[in-house]
$ cat coords-v5.cif   # mmCIF, C-alpha atoms
data_query
#
loop_
_atom_site.label_atom_id
_atom_site.label_comp_id
_atom_site.auth_asym_id
_atom_site.auth_seq_id
_atom_site.Cartn_x
_atom_site.Cartn_y
_atom_site.Cartn_z
CA MET D 24 0.00 0.00 0.00
CA ARG D 25 2.84 2.41 0.81
CA ASN D 26 4.45 1.67 -2.57
CA LEU D 27 1.17 2.43 -4.37
CA THR D 28 0.77 5.67 -2.45
CA GLY D 29 4.31 6.64 -3.38
CA VAL D 30 3.60 6.01 -7.06
CA VAL D 31 0.47 8.16 -6.82
CA LEU D 32 2.40 11.05 -5.30
CA ARG D 33 5.12 10.82 -7.97
CA VAL D 34 2.49 10.96 -10.73
CA PHE D 35 1.02 14.00 -8.98
CA MET D 36 4.38 15.82 -9.08
CA VAL D 37 4.91 14.97 -12.77
CA LEU D 38 1.53 16.46 -13.68
CA VAL D 39 2.15 19.52 -11.49
CA ILE D 40 5.37 20.24 -13.37
CA GLY D 41 3.99 19.37 -16.80
CA ALA D 42 0.56 21.02 -16.79
CA GLY D 43 0.16 23.29 -19.79
CA PRO D 44 -1.82 26.34 -20.98
CA ALA D 45 -5.44 26.29 -22.05
CA LEU D 46 -8.14 28.26 -23.78
CA ALA D 47 -11.35 29.19 -21.98
CA ALA D 48 -13.82 26.35 -22.42
CA GLY D 49 -17.24 27.77 -21.98
CA SER D 50 -17.70 28.24 -18.25
CA GLY D 51 -18.03 31.99 -18.65
CA ALA D 52 -15.12 34.37 -19.39
CA TYR D 53 -11.93 32.41 -18.62
CA ARG D 54 -13.28 29.68 -16.31
CA ILE D 55 -12.47 26.15 -17.56
CA GLU D 56 -14.41 22.93 -16.85
CA VAL D 57 -12.18 20.04 -17.94
CA PRO D 58 -11.35 17.97 -14.84
CA ASP D 59 -12.97 14.57 -15.49
CA ALA D 60 -14.44 12.70 -18.46
CA GLY D 61 -17.05 10.87 -16.36
CA ALA D 62 -18.45 14.12 -14.99
CA VAL D 63 -18.28 16.03 -18.29
CA GLY D 64 -20.22 13.26 -20.03
CA LYS D 65 -23.12 14.21 -17.74
CA GLY D 66 -22.92 17.88 -18.68
CA SER D 67 -20.39 18.53 -15.89
CA ALA D 68 -23.30 18.30 -13.44
CA PHE D 69 -21.55 16.45 -10.64
CA ALA D 70 -21.63 18.48 -7.40
CA GLY D 71 -24.53 16.40 -6.06
CA GLN D 72 -22.98 13.03 -6.98
CA ALA D 73 -19.21 13.50 -6.54
CA ASN D 74 -18.38 9.84 -5.96
CA THR D 75 -15.07 9.60 -7.88
CA PRO D 76 -11.64 11.15 -7.20
CA ALA D 77 -12.82 14.22 -9.17
CA ALA D 78 -14.84 15.06 -6.03
CA VAL D 79 -11.65 16.90 -4.97
CA TYR D 80 -12.65 19.50 -7.59
CA TYR D 81 -16.46 19.25 -7.83
CA ASN D 82 -17.41 18.75 -4.17
CA PRO D 83 -14.80 17.42 -1.69
CA ALA D 84 -17.53 16.39 0.77
CA GLY D 85 -18.25 13.56 -1.66
CA MET D 86 -14.83 12.01 -0.97
CA THR D 87 -16.34 10.12 2.01
CA GLN D 88 -18.19 7.91 -0.52
CA ILE D 89 -14.89 6.43 -1.74
CA VAL D 90 -13.82 3.21 -0.04
CA GLY D 91 -10.07 2.73 0.45
CA GLN D 92 -7.99 4.69 -2.07
CA ALA D 93 -8.68 5.86 -5.60
CA VAL D 94 -6.67 7.78 -8.18
CA SER D 95 -7.66 9.27 -11.53
CA VAL D 96 -5.41 10.53 -14.31
CA GLY D 97 -6.92 12.33 -17.28
CA LEU D 98 -6.24 14.41 -20.36
CA SER D 99 -8.50 16.98 -22.01
CA LEU D 100 -8.04 18.49 -25.47
CA ILE D 101 -9.54 21.87 -26.39
CA GLU D 102 -9.95 22.99 -30.02
CA PRO D 103 -11.31 26.56 -30.35
CA HIS D 104 -12.71 28.19 -33.49
CA THR D 105 -13.38 31.96 -33.51
CA THR D 106 -14.10 34.28 -36.46
CA TYR D 107 -14.47 38.07 -36.74
CA LYS D 108 -15.97 40.41 -39.33
CA SER D 109 -15.54 44.14 -38.85
CA THR D 110 -18.49 46.53 -39.03
CA ASN D 111 -16.39 49.52 -40.15
CA THR D 112 -13.74 48.03 -42.45
CA ALA D 113 -13.26 45.07 -44.78
CA ASP D 114 -11.43 43.13 -42.08
CA ALA D 115 -12.56 39.53 -41.66
CA MET D 116 -10.46 36.80 -40.13
CA GLN D 117 -10.26 33.68 -38.05
CA MET D 118 -8.45 33.76 -34.74
CA LYS D 119 -5.29 31.65 -34.77
CA ARG D 120 -6.24 28.07 -34.02
CA GLY D 121 -4.48 25.57 -31.79
CA ASP D 122 -4.98 22.40 -29.81
CA PHE D 123 -4.58 22.76 -26.04
CA PRO D 124 -3.97 19.59 -23.98
CA ILE D 125 -4.70 19.79 -20.23
CA PRO D 126 -3.69 16.99 -17.83
CA ASN D 127 -5.67 16.29 -14.65
CA PHE D 128 -4.90 14.26 -11.54
CA PHE D 129 -6.89 13.47 -8.38
CA TYR D 130 -6.18 11.13 -5.47
CA VAL D 131 -8.41 10.27 -2.48
CA THR D 132 -7.60 8.10 0.52
CA ARG D 133 -9.03 7.30 3.95
CA LEU D 134 -7.12 8.75 6.88
CA GLY D 135 -7.02 6.18 9.66
CA THR D 136 -10.79 6.07 10.09
CA GLU D 137 -13.74 5.35 7.85
CA ASN D 138 -15.16 8.80 8.63
CA VAL D 139 -12.24 10.91 7.32
CA ALA D 140 -11.02 11.24 3.74
CA LEU D 141 -8.11 13.24 2.31
CA GLY D 142 -7.82 14.32 -1.31
CA ILE D 143 -5.24 16.07 -3.48
CA GLY D 144 -5.39 17.07 -7.11
CA THR D 145 -4.25 19.32 -9.91
CA THR D 146 -6.00 20.69 -12.98
CA THR D 147 -6.33 23.93 -14.93
CA ALA D 148 -9.46 25.63 -13.62
CA TRP D 149 -8.83 29.01 -15.27
CA GLY D 150 -7.20 29.84 -18.58
CA LEU D 151 -7.28 31.76 -21.82
CA THR D 152 -5.44 31.99 -25.12
CA THR D 153 -6.52 34.36 -27.88
CA GLU D 154 -4.36 35.43 -30.82
CA TRP D 155 -5.41 37.84 -33.58
CA MET D 156 -3.59 38.96 -36.72
CA PRO D 157 -0.94 41.61 -35.90
CA ASP D 158 -2.06 43.87 -38.79
CA SER D 159 -5.84 43.85 -38.17
CA VAL D 160 -7.96 46.72 -36.84
CA LEU D 161 -7.91 44.94 -33.47
CA ARG D 162 -4.14 45.26 -33.10
CA TYR D 163 -4.10 48.29 -30.75
CA THR D 164 -6.52 46.54 -28.39
CA ALA D 165 -5.16 42.98 -28.43
CA THR D 166 -3.00 40.74 -30.58
CA LYS D 167 -2.24 37.92 -28.14
CA THR D 168 -3.58 37.26 -24.66
CA GLU D 169 -2.61 34.31 -22.48
CA MET D 170 -3.73 33.39 -19.00
CA ILE D 171 -1.93 30.20 -17.97
CA ASN D 172 -3.07 28.72 -14.66
CA HIS D 173 -2.20 25.65 -12.63
CA ASP D 174 -4.52 24.84 -9.72
CA TYR D 175 -3.57 22.53 -6.85
CA TYR D 176 -6.06 21.21 -4.30
CA ILE D 177 -5.81 19.58 -0.91
CA SER D 178 -9.03 18.81 0.96
CA ALA D 179 -10.24 16.88 4.00
CA ALA D 180 -13.77 15.53 4.41
CA TYR D 181 -15.58 14.20 7.46
CA LYS D 182 -18.58 11.87 7.44
CA ILE D 183 -20.77 13.23 10.24
CA ASN D 184 -23.35 10.43 9.95
CA GLU D 185 -24.87 8.24 7.26
CA GLN D 186 -26.55 11.28 5.69
CA TRP D 187 -24.22 14.25 6.20
CA SER D 188 -20.62 14.90 5.12
CA ALA D 189 -18.64 18.14 5.24
CA ALA D 190 -15.29 19.24 3.83
CA LEU D 191 -12.75 22.04 3.80
CA GLY D 192 -10.08 22.51 1.16
CA LEU D 193 -7.23 24.71 0.02
CA ASN D 194 -6.98 25.88 -3.59
CA ILE D 195 -3.51 27.14 -4.59
CA ASP D 196 -3.52 28.92 -7.94
CA GLN D 197 -0.35 29.63 -9.90
CA SER D 198 -1.02 32.17 -12.65
CA LYS D 199 0.92 33.70 -15.48
CA VAL D 200 -0.63 36.42 -17.65
CA VAL D 201 0.68 37.74 -20.96
CA MET D 202 -0.99 40.60 -22.84
CA GLU D 203 0.36 41.75 -26.21
CA ARG D 204 -0.83 44.52 -28.50
CA LYS D 205 0.51 47.06 -30.96
CA MET D 206 1.60 50.55 -29.89
CA SER D 207 -0.06 53.29 -31.95
CA PRO D 208 2.36 55.94 -33.36
CA ASP D 209 -0.39 58.57 -33.77
CA ALA D 210 0.51 60.49 -30.60
CA VAL D 211 3.86 61.53 -32.15
CA GLY D 212 2.79 61.63 -35.79
CA GLY D 213 4.69 58.47 -36.63
CA SER D 214 3.98 55.55 -38.92
CA VAL D 215 5.55 52.50 -37.23
CA ASP D 216 3.56 50.22 -34.91
CA GLY D 217 5.49 49.25 -31.80
CA ASN D 218 5.08 46.01 -29.90
CA ILE D 219 3.93 46.11 -26.27
CA ARG D 220 4.15 42.99 -24.13
CA LEU D 221 3.03 42.83 -20.49
CA ALA D 222 3.90 39.61 -18.64
CA GLY D 223 3.42 38.89 -14.95
CA GLY D 224 2.61 36.13 -12.52
CA ASP D 225 1.63 35.27 -8.98
CA THR D 226 0.86 32.35 -6.70
CA ALA D 227 -2.12 32.89 -4.39
CA ALA D 228 -4.60 30.78 -2.46
CA GLY D 229 -8.28 30.49 -1.65
CA PHE D 230 -10.43 27.91 0.10
CA LEU D 231 -13.31 25.52 -0.52
CA ALA D 232 -16.13 24.70 1.91
CA ALA D 233 -18.55 21.94 0.96
CA THR D 234 -21.26 19.66 2.26
CA MET D 235 -23.25 16.70 0.98
CA PHE D 236 -26.61 15.41 2.20
CA LYS D 237 -28.00 11.98 1.28
CA LEU D 238 -31.72 12.05 1.88
CA ASN D 239 -32.13 8.40 0.91
CA ALA D 240 -30.94 5.94 -1.74
CA LYS D 241 -32.59 8.02 -4.50
CA HIS D 242 -31.93 11.67 -3.57
CA GLN D 243 -28.60 13.35 -2.81
CA PHE D 244 -27.67 17.05 -2.58
CA GLY D 245 -24.35 18.87 -2.69
CA LEU D 246 -23.35 22.45 -1.90
CA MET D 247 -19.91 24.04 -2.33
CA TYR D 248 -18.50 27.53 -1.83
CA ARG D 249 -15.31 28.52 -3.64
CA SER D 250 -13.66 31.64 -2.25
CA ALA D 251 -12.15 34.45 -4.30
CA ILE D 252 -8.40 34.41 -4.92
CA HIS D 253 -6.69 37.80 -4.82
CA GLN D 254 -3.65 38.11 -7.05
CA LYS D 255 -0.83 40.60 -7.49
CA LEU D 256 0.61 39.77 -10.90
CA LYS D 257 4.16 41.11 -10.94
CA GLY D 258 6.38 41.20 -14.00
CA LYS D 259 7.66 43.39 -16.83
CA VAL D 260 6.36 45.62 -19.60
CA HIS D 261 8.55 45.44 -22.69
CA ILE D 262 8.29 47.66 -25.79
CA ASP D 263 10.27 47.15 -28.99
CA ASN D 264 10.14 48.39 -32.59
CA MET D 265 8.95 51.73 -31.21
CA ASP D 266 8.36 54.50 -33.74
CA PRO D 267 11.53 56.68 -33.84
CA ASN D 268 9.41 59.81 -33.26
CA PHE D 269 8.96 58.72 -29.63
CA VAL D 270 12.74 58.98 -29.27
CA GLY D 271 12.97 62.17 -31.33
CA ALA D 272 10.37 63.83 -29.08
CA GLY D 273 12.54 63.02 -26.06
CA ILE D 274 9.98 60.68 -24.47
CA PHE D 275 11.99 57.43 -24.61
CA PRO D 276 15.78 57.09 -24.76
CA SER D 277 15.64 54.37 -27.46
CA THR D 278 13.18 52.37 -29.52
CA SER D 279 13.26 49.55 -26.93
CA TYR D 280 12.12 49.93 -23.34
CA GLU D 281 11.38 47.77 -20.29
CA THR D 282 10.13 48.42 -16.77
CA ASP D 283 8.51 46.66 -13.80
CA VAL D 284 4.73 46.31 -13.64
CA MET D 285 2.11 45.03 -11.20
CA VAL D 286 -1.55 44.27 -11.96
CA LYS D 287 -4.12 43.32 -9.33
CA SER D 288 -6.64 40.67 -10.29
CA ILE D 289 -9.30 38.55 -8.58
CA LEU D 290 -10.37 35.02 -9.46
CA PRO D 291 -14.05 35.20 -8.48
CA GLN D 292 -15.88 33.48 -5.65
CA ALA D 293 -18.65 31.03 -6.54
CA LEU D 294 -21.47 28.99 -5.02
CA ILE D 295 -22.49 25.65 -6.55
CA PHE D 296 -25.60 23.61 -5.75
CA GLY D 297 -26.02 20.08 -7.08
CA TYR D 298 -28.75 17.45 -7.02
CA SER D 299 -28.41 13.77 -7.94
CA PHE D 300 -31.42 11.50 -8.48
CA LYS D 301 -31.24 7.71 -8.87
CA PRO D 302 -34.74 6.40 -9.69
CA ASP D 303 -33.33 2.86 -9.94
CA GLU D 304 -30.03 0.98 -10.29
CA LYS D 305 -29.63 1.85 -13.97
CA TRP D 306 -30.42 5.57 -14.16
CA THR D 307 -28.67 8.61 -12.64
CA ILE D 308 -29.93 12.14 -13.30
CA ASN D 309 -27.87 15.15 -12.13
CA MET D 310 -28.52 18.89 -12.07
CA ASP D 311 -26.19 21.75 -11.04
CA VAL D 312 -26.61 25.51 -10.66
CA GLU D 313 -23.55 27.74 -10.22
CA TRP D 314 -23.36 31.44 -9.33
CA THR D 315 -20.03 33.12 -10.09
CA ASP D 316 -19.22 36.59 -8.79
CA TRP D 317 -17.60 38.02 -11.91
CA SER D 318 -18.43 41.52 -10.62
CA SER D 319 -14.98 41.37 -9.01
CA MET D 320 -13.61 42.09 -12.50
CA ARG D 321 -13.97 45.89 -12.43
CA GLN D 322 -10.93 47.18 -14.32
CA ILE D 323 -7.38 46.53 -15.45
CA ALA D 324 -5.04 49.13 -13.95
CA PRO D 325 -1.30 48.40 -14.29
CA THR D 326 1.03 50.04 -11.78
CA TYR D 327 4.57 50.81 -12.97
CA THR D 328 6.48 50.33 -9.76
CA SER D 329 9.94 51.55 -10.77
CA GLU D 330 9.23 54.25 -13.37
CA THR D 331 9.08 57.93 -12.31
CA ASP D 332 9.46 59.82 -15.61
CA THR D 333 6.14 61.59 -16.22
CA ASP D 334 6.45 61.56 -20.03
CA ILE D 335 7.07 57.83 -20.13
CA LEU D 336 4.30 57.19 -17.61
CA GLY D 337 1.95 59.26 -19.78
CA VAL D 338 2.56 56.88 -22.69
CA LEU D 339 2.40 53.72 -20.55
CA GLN D 340 -0.82 54.80 -18.87
CA ASN D 341 -2.53 55.85 -22.10
CA GLY D 342 -5.85 53.98 -22.23
CA TYR D 343 -5.61 52.78 -18.62
CA PRO D 344 -7.35 51.94 -16.42
CA VAL D 345 -9.44 49.77 -18.73
CA ASN D 346 -12.94 49.51 -17.30
CA LYS D 347 -14.45 46.02 -17.41
CA ASP D 348 -17.54 46.28 -15.17
CA TRP D 349 -18.35 42.58 -15.49
CA HIS D 350 -21.42 41.25 -13.68
CA SER D 351 -22.21 38.07 -11.78
CA SER D 352 -23.49 35.19 -13.89
CA LEU D 353 -25.30 31.86 -13.60
CA ALA D 354 -24.56 28.48 -15.13
CA PHE D 355 -27.00 25.58 -15.41
CA ALA D 356 -26.05 21.96 -16.07
CA MET D 357 -27.96 18.71 -16.44
CA GLY D 358 -26.82 15.20 -17.24
CA VAL D 359 -28.05 11.63 -17.47
CA GLU D 360 -26.26 8.31 -17.07
CA PHE D 361 -27.64 4.88 -18.02
CA ALA D 362 -25.99 1.63 -16.96
CA VAL D 363 -26.25 -0.65 -19.99
CA THR D 364 -24.59 -3.48 -18.05
CA ASP D 365 -22.80 -3.81 -14.72
CA ARG D 366 -19.59 -2.65 -16.47
CA TRP D 367 -20.75 -0.27 -19.21
CA ARG D 368 -22.41 3.15 -18.84
CA LEU D 369 -23.66 5.72 -21.38
CA ARG D 370 -23.95 9.45 -20.62
CA THR D 371 -25.24 12.66 -22.13
CA GLY D 372 -25.84 16.18 -20.88
CA THR D 373 -25.96 19.89 -21.51
CA TYR D 374 -24.95 23.11 -19.82
CA ILE D 375 -25.72 26.78 -20.32
CA HIS D 376 -23.45 29.64 -19.27
CA GLN D 377 -24.35 33.30 -19.07
CA SER D 378 -21.58 35.63 -20.16
CA PRO D 379 -20.48 38.16 -17.51
CA VAL D 380 -19.08 40.58 -20.12
CA PRO D 381 -21.30 43.61 -20.87
CA LYS D 382 -21.66 45.09 -24.35
CA SER D 383 -20.06 48.39 -23.35
CA THR D 384 -16.67 46.92 -22.35
CA TRP D 385 -16.46 43.81 -24.53
CA ASP D 386 -13.08 43.40 -26.23
CA PRO D 387 -11.45 40.68 -28.37
CA SER D 388 -8.96 39.55 -25.70
CA VAL D 389 -11.84 37.63 -24.05
CA PRO D 390 -14.31 36.89 -26.90
CA ASP D 391 -17.04 35.63 -24.55
CA SER D 392 -20.80 35.38 -25.02
CA ASP D 393 -23.67 33.25 -23.74
CA SER D 394 -23.04 29.61 -24.60
CA LEU D 395 -24.77 26.26 -24.86
CA ALA D 396 -22.88 22.96 -24.67
CA LEU D 397 -23.88 19.43 -25.56
CA THR D 398 -21.97 16.50 -24.08
CA MET D 399 -21.86 12.75 -24.44
CA GLY D 400 -19.65 10.05 -23.04
CA THR D 401 -19.21 6.50 -21.89
CA GLY D 402 -17.50 4.62 -19.10
CA TYR D 403 -16.31 1.02 -19.01
CA ASP D 404 -14.85 -1.04 -16.17
CA LEU D 405 -11.82 -2.73 -17.71
CA THR D 406 -11.37 -4.67 -14.46
CA LYS D 407 -13.10 -4.52 -11.09
CA ASP D 408 -10.57 -1.84 -10.07
CA LEU D 409 -9.78 0.01 -13.32
CA THR D 410 -12.28 2.22 -15.20
CA LEU D 411 -11.85 4.15 -18.44
CA ASP D 412 -14.12 7.12 -19.17
CA VAL D 413 -14.21 9.12 -22.40
CA ALA D 414 -16.35 12.12 -23.33
CA TRP D 415 -16.93 14.74 -25.99
CA SER D 416 -18.34 18.24 -25.64
CA GLY D 417 -19.26 20.85 -28.22
CA ILE D 418 -19.80 24.44 -27.08
CA ILE D 419 -21.70 26.86 -29.29
CA TYR D 420 -21.49 30.57 -28.44
CA LYS D 421 -24.16 33.08 -29.28
CA THR D 422 -22.99 35.35 -32.10
CA ARG D 423 -21.76 38.55 -30.48
CA THR D 424 -22.48 41.78 -32.35
CA VAL D 425 -20.26 44.44 -30.82
CA ASN D 426 -20.88 48.18 -31.04
CA ASN D 427 -18.99 50.07 -28.33
CA ASN D 428 -16.16 52.55 -27.84
CA VAL D 429 -13.38 50.04 -27.13
CA GLY D 430 -10.38 50.84 -29.33
CA ASN D 431 -11.60 54.30 -30.34
CA SER D 432 -9.17 56.03 -27.94
CA ASN D 433 -6.21 54.87 -30.04
CA GLY D 434 -6.68 57.85 -32.34
CA ASP D 435 -8.03 56.33 -35.53
CA GLY D 436 -11.71 56.24 -34.60
CA GLN D 437 -13.51 53.61 -36.65
CA LEU D 438 -10.23 52.29 -38.04
CA THR D 439 -9.26 50.98 -34.58
CA SER D 440 -12.73 50.06 -33.35
CA VAL D 441 -13.43 46.45 -32.28
CA ASP D 442 -17.02 46.71 -33.60
CA GLY D 443 -18.13 43.71 -35.59
CA LYS D 444 -19.55 40.19 -35.42
CA TYR D 445 -17.75 37.47 -33.48
CA ARG D 446 -18.66 33.81 -33.85
CA GLN D 447 -17.16 31.05 -31.74
CA TRP D 448 -17.46 27.34 -31.06
CA ILE D 449 -15.19 24.93 -29.20
CA ASN D 450 -14.64 21.21 -29.63
CA LEU D 451 -13.45 19.30 -26.53
CA MET D 452 -12.40 15.69 -25.96
CA TYR D 453 -11.69 14.00 -22.65
CA ALA D 454 -10.27 10.73 -21.32
CA THR D 455 -9.90 9.67 -17.67
CA ALA D 456 -8.56 6.46 -16.15
CA THR D 457 -9.55 5.70 -12.54
CA TYR D 458 -7.96 3.03 -10.36
CA LYS D 459 -9.29 1.90 -6.97
CA PHE D 460 -7.12 0.05 -4.46
#
$ encode --input "coords-v5.cif" --output "structure tokens"
Amino acid sequence: MRNLTGVVLRVFMVLVIGAGPALAAGSGAYRIEVPDAGAVGKGSAFAGQANTPAAVYYNPAGMTQIVGQAVSVGLSLIEPHTTYKSTNTADAMQMKRGDFPIPNFFYVTRLGTENVALGIGTTTAWGLTTEWMPDSVLRYTATKTEMINHDYYISAAYKINEQWSAALGLNIDQSKVVMERKMSPDAVGGSVDGNIRLAGGDTAAGFLAATMFKLNAKHQFGLMYRSAIHQKLKGKVHIDNMDPNFVGAGIFPSTSYETDVMVKSILPQALIFGYSFKPDEKWTINMDVEWTDWSSMRQIAPTYTSETDTDILGVLQNGYPVNKDWHSSLAFAMGVEFAVTDRWRLRTGTYIHQSPVPKSTWDPSVPDSDSLALTMGTGYDLTKDLTLDVAWSGIIYKTRTVNNNVGNSNGDGQLTSVDGKYRQWINLMYATATYKF
């Protein structure tokens, strides 16, 4: 048993080191839902069931349902497709495409008593990658935006009685943010677009508090609160290929420049309620509702901690702070599982996410809109201890017609506006192997 536990912990460390970037997968703004194929097959409605190692993520109070030890290792693949057609110019393009693999790992064990369970895990719960053509009308607002997150969880659950369980957990988030755009030369009457790159990172923590109530063999309820995580993203702003007129006007000493920067950000708090209904031994029906407090995203306001020159600061602060004024949003999920045999299960589901991004501040760095996802999946017990789950999800976003003032402050009016139609859909594939011992 000790050897198996040691192997589990080594796998955990490999995935922690190797976890990669992702693109937002339909949970509203840059929230990602890719932790487990079995759960996603049911529309990612799992907070009320939470009876696999993925309970570490969905509802750690559910860990008390696991007997002995269990470990799951998974991989998710995200394939985004986004197109844009300008209202004011002839610009039309597709955002640069890519495939984004995301590994997941969860491990649950009993701690000396049948009433206490401990779980650890890692996944990417937040993330974003958008990349637009560097010569489009969007270039002064955004060319490339990356939010690369690794989330690590450790939770403990206690079985109060045969009906109630409760849990507390720690969520450590390691974030790196990169924002790139072009630097307009209009302020100095130039003609050369500079390149501005802001990159920063931080490691911060929040907590989870969860409970699960089993009314009887047919009805089970779950409730989880996820706290906000306050970040101070520290890094550098780098400018190169600057128009020579900035140097000629005495603003910058050369056409390349770098300084320290800090940006405050908040990963929002959330409350999730789940219900699981088992009318008989073959059917499982799950429903989840999630409230996410995206109103914490008010603005982006970089602070240049080591620069004192007022002329340089005037250029760096041009267009900032960027007001976001996002609002809280709801997500609804429903899924069904049918046991074809004792070893084989079929699943399907759907989820709907409200976008927190208002029309007035929408910009192409986060091309979000209301979305509807369809999911399907299957699970098969290869042995009595080893299960393989696979799933597919397709997310369709409502076409977003943008007509606001974002980009107009760059000096070219309609020629730098982000107004237009944005269409997006995402294809996702998942596989998870779970071993019980």
$ resolve_selection --input "coords-v5.cif" --expression "the PyMOL selection byres ((chain D and resi 244) around 8)" --output "list in words"
Ala70, Gly71, Gln72, Met235, Phe236, Lys237, Leu238, His242, Gln243, Gly245, Leu246, Phe296, Gly297, Tyr298 and Ser299 of chain D
$ residues_around --input "coords-v5.cif" --residues "stretch 95-112 of chain D" --least-positions-apart "5" --cutoff "7 Å" --atoms "all atoms listed in the file" --output "NGL selection string"
:D and (57 or 59 or 76 or 117-118 or 120-130 or 437 or 442-458)
$ write_last_selection --input "coords-v5.cif" --atoms "C-alpha atoms" --output "mmCIF file, in the frame of the given file"
data_model
loop_
_atom_site.group_PDB
_atom_site.id
_atom_site.type_symbol
_atom_site.label_atom_id
_atom_site.label_comp_id
_atom_site.auth_asym_id
_atom_site.auth_seq_id
_atom_site.Cartn_x
_atom_site.Cartn_y
_atom_site.Cartn_z
ATOM 1 C CA VAL D 57 -12.180 20.040 -17.940
ATOM 2 C CA ASP D 59 -12.970 14.570 -15.490
ATOM 3 C CA PRO D 76 -11.640 11.150 -7.200
ATOM 4 C CA GLN D 117 -10.260 33.680 -38.050
ATOM 5 C CA MET D 118 -8.450 33.760 -34.740
ATOM 6 C CA ARG D 120 -6.240 28.070 -34.020
ATOM 7 C CA GLY D 121 -4.480 25.570 -31.790
ATOM 8 C CA ASP D 122 -4.980 22.400 -29.810
ATOM 9 C CA PHE D 123 -4.580 22.760 -26.040
ATOM 10 C CA PRO D 124 -3.970 19.590 -23.980
ATOM 11 C CA ILE D 125 -4.700 19.790 -20.230
ATOM 12 C CA PRO D 126 -3.690 16.990 -17.830
ATOM 13 C CA ASN D 127 -5.670 16.290 -14.650
ATOM 14 C CA PHE D 128 -4.900 14.260 -11.540
ATOM 15 C CA PHE D 129 -6.890 13.470 -8.380
ATOM 16 C CA TYR D 130 -6.180 11.130 -5.470
ATOM 17 C CA GLN D 437 -13.510 53.610 -36.650
ATOM 18 C CA ASP D 442 -17.020 46.710 -33.600
ATOM 19 C CA GLY D 443 -18.130 43.710 -35.590
ATOM 20 C CA LYS D 444 -19.550 40.190 -35.420
ATOM 21 C CA TYR D 445 -17.750 37.470 -33.480
ATOM 22 C CA ARG D 446 -18.660 33.810 -33.850
ATOM 23 C CA GLN D 447 -17.160 31.050 -31.740
ATOM 24 C CA TRP D 448 -17.460 27.340 -31.060
ATOM 25 C CA ILE D 449 -15.190 24.930 -29.200
ATOM 26 C CA ASN D 450 -14.640 21.210 -29.630
ATOM 27 C CA LEU D 451 -13.450 19.300 -26.530
ATOM 28 C CA MET D 452 -12.400 15.690 -25.960
ATOM 29 C CA TYR D 453 -11.690 14.000 -22.650
ATOM 30 C CA ALA D 454 -10.270 10.730 -21.320
ATOM 31 C CA THR D 455 -9.900 9.670 -17.670
ATOM 32 C CA ALA D 456 -8.560 6.460 -16.150
ATOM 33 C CA THR D 457 -9.550 5.700 -12.540
ATOM 34 C CA TYR D 458 -7.960 3.030 -10.360
#
$ atom_distance --input "coords-v5.cif" --atom1 "atom CA of D:Arg54" --atom2 "atom CA of D:Asp393"
13.3 Å
$ resolve_selection --input "coords-v5.cif" --expression "the PyMOL selection byres ((chain D and resi 367-381) around 7)" --output "PyMOL selection string"
chain D and resi 50-52+64-66+317+349-366+382-385+391-404
$ closest_residue --input "coords-v5.cif" --among "D:Thr146, D:Gln88, D:Leu134, D:Arg204" --to "D:Val160" --atoms "only C-alpha atoms"
D:Arg204
$ residues_around --input "coords-v5.cif" --residues "stretch 211-216 of chain D" --least-positions-apart "3" --cutoff "6 Å" --atoms "all atoms listed in the file" --output "PyMOL selection string"
chain D and resi 205-208+266+268
$ write_last_selection --input "coords-v5.cif" --atoms "C-alpha atoms" --output "PDB file, keeping the file's coordinate frame"
ATOM      1  CA  LYS D 205       0.510  47.060 -30.960  1.00  0.00           C
ATOM      2  CA  MET D 206       1.600  50.550 -29.890  1.00  0.00           C
ATOM      3  CA  SER D 207      -0.060  53.290 -31.950  1.00  0.00           C
ATOM      4  CA  PRO D 208       2.360  55.940 -33.360  1.00  0.00           C
ATOM      5  CA  ASP D 266       8.360  54.500 -33.740  1.00  0.00           C
ATOM      6  CA  ASN D 268       9.410  59.810 -33.260  1.00  0.00           C
TER       7      ASN D 268
END
$ resolve_selection --input "coords-v5.cif" --expression "the PyMOL selection byres ((chain D and resi 163-176) around 8)" --output "count of residues only"
52
$ atom_distance --input "coords-v5.cif" --atom1 "atom CA of D:Trp306" --atom2 "atom CA of D:Leu411"
19.1 Å
$ atom_distance --input "coords-v5.cif" --atom1 "atom CA of D:Ile89" --atom2 "atom CA of D:Ala73"
9.6 Å
$ residues_around --input "coords-v5.cif" --residues "stretch 274-283 of chain D" --least-positions-apart "6" --cutoff "9 Å" --atoms "only C-alpha atoms" --output "VMD selection string"
chain D and resid 217 257 to 268 326 to 330 332 334 to 335 338
$ closest_residue --input "coords-v5.cif" --among "D:Asp316, D:Gly337, D:Asp114, D:Leu405" --to "D:Ser440" --atoms "only C-alpha atoms"
D:Asp114
